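Shown next, in structure tokens, is the structure this report addresses.
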Amino acid sequence: MSASQEQYVNHNKNKKLFIWAAGLTISFALIEIVYGFISGSLMIIGDGVHMSSDAISLILSLVAAIMSTKAATKKRTFGYKRFEPIAAFINGLTLILIPLYIMYEAVNRMIRPVEIIPEQMITVGIIGLLINALVGYILSKGDANLNMRSAILHVFADMITSLSAVIVALAIMFFDLVWLDPVGSIVTSFIIIRGGISITKESFNILMEGTPEGYSVDEIKKSIQRMNGELNVQDVKVWCVNEAEVYTMIRVKTTGGMIKNMQKMIKDLVSGSTKIPVENIFVDVN
């Protein structure tokens, strides 16, 4: 199976997993919202709305997985493969912005404490923990590309939030430690933000056509020059349209005239040392 065929199979697998995960999340979110209105519990309604936002992020990842498999056109010569890093970038930003808002609310609660019903916290926390654990298990079966990792990080963030809610509720019930609620929110928010920054930086680097991690322009130059001392490597560019598809463009000048099969030799050398497919390496020798 070729690399492109393997990517296609992995994308189809991810699409099916995203459909299951998004469907499960939105279903339980609606159940929580309806039950919240029936019971009059604002906390349960809030958790349902929060899970709805997770469903939106999963749907966004699903759309990206579908669009990335669309064929290239004359106007989109690389196809729609950048949809996945775009979705990961948006999901990464939400993993930074939402925890920042939670931290703001937590500080407000420290200044102006509100009444907390620990029994409801435990109910919501356990339900959220079980649902997110199931969704996380489903997504863990997919290909761990950037788009999938950003979706899993959303689910993991919810699992941390739900677990902390259960722990804080128990602490309030048995030890009356009400201050743990805002403090726990701030601590979990820092953990989530750290993951969000990592996903955002990685996807932003792809969108800006930065050099992918693990590749060195200087090492490629040195490898080519070691092959022939008369070669002058004028320019090397390494970029990717998504994390799985890396390209390089090399411009070389030789003082000893055109060397036979030089382009093929450079392609084979660079491909062997970097694992970039030969067809993704473009060499200009003059």
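Note on naming: chains are A, B, ... as they come in the structure tokens, residues start from 1 per chain, ligands start from 1 in the order shown.
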
- [ ] Excluding Phe78 of chain A and residues on its chain fewer than 5 positions from it, collect all residues at most 10 Å away from it, counting only C-alpha atoms, and give them as a list of chain:residue names.
- [x] A:Ser68, A:Lys70, A:Ala71, A:Ala72, A:Thr73, A:Val241

Task: Residue contacts of Glu243 of chain A (8 Å, only C-alpha atoms) excluding same-chain residues fewer than 5 positions away, as a list in words - done: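 Residues meeting the cut-off are Asn145, Leu146, Ile206 and Pro212 of chain A.
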
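Take the candidates A:Leu97, A:Val236, A:Ile167, A:Ala144 and check each one against Asn10 of chain A using only C-alpha atoms; the shortest distance goes to A:Ala144.
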
TODO: Find the residues near segment 171-186 of chain A: any atom within 8 Å, counting only C-alpha atoms, skip ones fewer than 5 places away on the same chain, and give them as a VMD selection string.
DONE: chain A and resid 102 to 103 106 to 107 109 to 110 116 118 161 164 to 165

Keeping only C-alpha atoms, write those residues as a PDB file, in the first residue's frame.
```
ATOM      1  CA  ILE A 102     -13.066  29.923  33.210  1.00  0.00           C
ATOM      2  CA  MET A 103     -10.117  31.401  35.132  1.00  0.00           C
ATOM      3  CA  ALA A 106     -13.033  31.510  39.058  1.00  0.00           C
ATOM      4  CA  VAL A 107     -11.411  34.734  40.275  1.00  0.00           C
ATOM      5  CA  ARG A 109     -16.099  33.468  42.545  1.00  0.00           C
ATOM      6  CA  MET A 110     -13.206  33.935  44.927  1.00  0.00           C
ATOM      7  CA  ILE A 116     -22.645  25.349  45.473  1.00  0.00           C
ATOM      8  CA  PRO A 118     -22.231  19.363  45.725  1.00  0.00           C
ATOM      9  CA  THR A 161     -12.814  19.163  34.338  1.00  0.00           C
ATOM     10  CA  SER A 164     -11.966  17.758  39.283  1.00  0.00           C
ATOM     11  CA  ALA A 165     -15.685  18.544  39.701  1.00  0.00           C
TER      12      ALA A 165
END
```

TODO: Enumerate, as number ranges by chain, the complete set of residues in segment 8-186 of chain A that a backbone-based DSSP assignment places in alpha helix (DSSP H).
DONE: A: 8-39, 42-67, 83-111, 118-139, 146-175, 180-186

Open item on the list: List the spatial neighbours of segment 226-229 of chain A as a PyMOL selection string - criterion: any atom at most 9 Å away, only C-alpha atoms, same-chain residues fewer than 3 positions off excluded.
Closed with: chain A and resi 221-223+232+266+269

TODO: Write out as an MDAnalysis selection string the residues lying within 9 Å of segment 87-94 of chain A, counting only C-alpha atoms and excluding same-chain residues fewer than 2 positions away.
DONE: chainID A and resid 57 60:61 63:64 82:85 96:99 146:151 153:154 193 195:204 207

Can I get the selected residues back with C-alpha atoms, as an mmCIF file, in the first residue's frame?
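Final output, saved to result.cif:
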```cif
data_model
loop_
_atom_site.group_PDB
_atom_site.id
_atom_site.type_symbol
_atom_site.label_atom_id
_atom_site.label_comp_id
_atom_site.auth_asym_id
_atom_site.auth_seq_id
_atom_site.Cartn_x
_atom_site.Cartn_y
_atom_site.Cartn_z
ATOM 1 C CA SER A 57 -15.282 21.027 17.787
ATOM 2 C CA LEU A 60 -15.325 20.775 12.801
ATOM 3 C CA SER A 61 -12.720 17.983 12.938
ATOM 4 C CA VAL A 63 -15.582 18.363 8.267
ATOM 5 C CA ALA A 64 -11.789 18.742 8.063
ATOM 6 C CA ARG A 82 -4.867 22.163 4.774
ATOM 7 C CA PHE A 83 -8.376 21.852 6.216
ATOM 8 C CA GLU A 84 -7.008 19.614 8.979
ATOM 9 C CA PRO A 85 -4.361 22.045 10.308
ATOM 10 C CA ILE A 96 -6.785 28.574 25.189
ATOM 11 C CA LEU A 97 -9.689 31.055 25.179
ATOM 12 C CA ILE A 98 -12.300 28.948 27.040
ATOM 13 C CA PRO A 99 -9.971 28.123 29.994
ATOM 14 C CA LEU A 146 -2.886 16.823 14.252
ATOM 15 C CA ASN A 147 -6.629 17.120 13.640
ATOM 16 C CA MET A 148 -7.367 13.996 15.697
ATOM 17 C CA ARG A 149 -5.006 15.054 18.490
ATOM 18 C CA SER A 150 -6.734 18.440 18.818
ATOM 19 C CA ALA A 151 -10.119 16.684 19.119
ATOM 20 C CA LEU A 153 -7.282 17.109 23.671
ATOM 21 C CA HIS A 154 -10.753 18.717 23.828
ATOM 22 C CA ILE A 193 -4.081 25.903 28.100
ATOM 23 C CA GLY A 195 -2.044 21.570 25.575
ATOM 24 C CA GLY A 196 -3.919 24.197 23.563
ATOM 25 C CA ILE A 197 -0.751 26.235 23.035
ATOM 26 C CA SER A 198 1.108 23.138 21.784
ATOM 27 C CA ILE A 199 -1.600 22.278 19.214
ATOM 28 C CA THR A 200 -1.938 25.925 18.120
ATOM 29 C CA LYS A 201 1.828 26.367 17.623
ATOM 30 C CA GLU A 202 2.152 23.166 15.598
ATOM 31 C CA SER A 203 -0.811 23.944 13.329
ATOM 32 C CA PHE A 204 0.257 27.597 12.942
ATOM 33 C CA LEU A 207 -0.209 27.148 7.951
#
```

Open item on the list: Can you pull out every residue from segment 42-252 of chain A that DSSP, working from the backbone, puts in strand (DSSP E), and format the result as a list in words?
Closed with: Leu231, Asn232, Val233, Gln234, Asp235, Val236, Lys237, Val238, Trp239, Cys240, Val241, Asn242, Glu245, Val246, Tyr247, Thr248, Met249, Ile250, Arg251 and Val252 of chain A

TODO: Give the answer as one residue: which of A:Val135, A:Leu95, A:Val124, A:Val270 has the shortest atom-to-atom distance to Ala157 of chain A, using only C-alpha atoms?
DONE: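 Ranking A:Val135, A:Leu95, A:Val124, A:Val270 by distance to Ala157 of chain A, first place goes to A:Leu95.
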
Open item on the list: Restricting the calculation to only C-alpha atoms: of A:Leu170, A:Glu213, A:Ser27, A:Ser189, which residue gets closest to Ile117 of chain A?
Closed with: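 Under the stated criterion, the closest residue is A:Leu170.
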
Task: Separation of atom CA of Thr248 of chain A from atom CA of Ile66 of chain A in Å - done: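 Rounded to one decimal, the two atoms are 26.3 Å apart.
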
TODO: Point out the residue among A:Ala169, A:Asn280, A:Gly48, A:Ser216 with the least atom-to-atom distance to Glu119 of chain A, counting only C-alpha atoms.
DONE: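 Smallest separation from Glu119 of chain A among the options: A:Ala169.
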
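Taking atom CA of Val155 of chain A and atom CA of Gly142 of chain A as endpoints, the distance between them is 14.2 Å.
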
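Of the listed residues (A:Ala133, A:Ile192, A:Ile138, A:Val168), A:Val168 comes nearest to Met121 of chain A; the distances count only C-alpha atoms.
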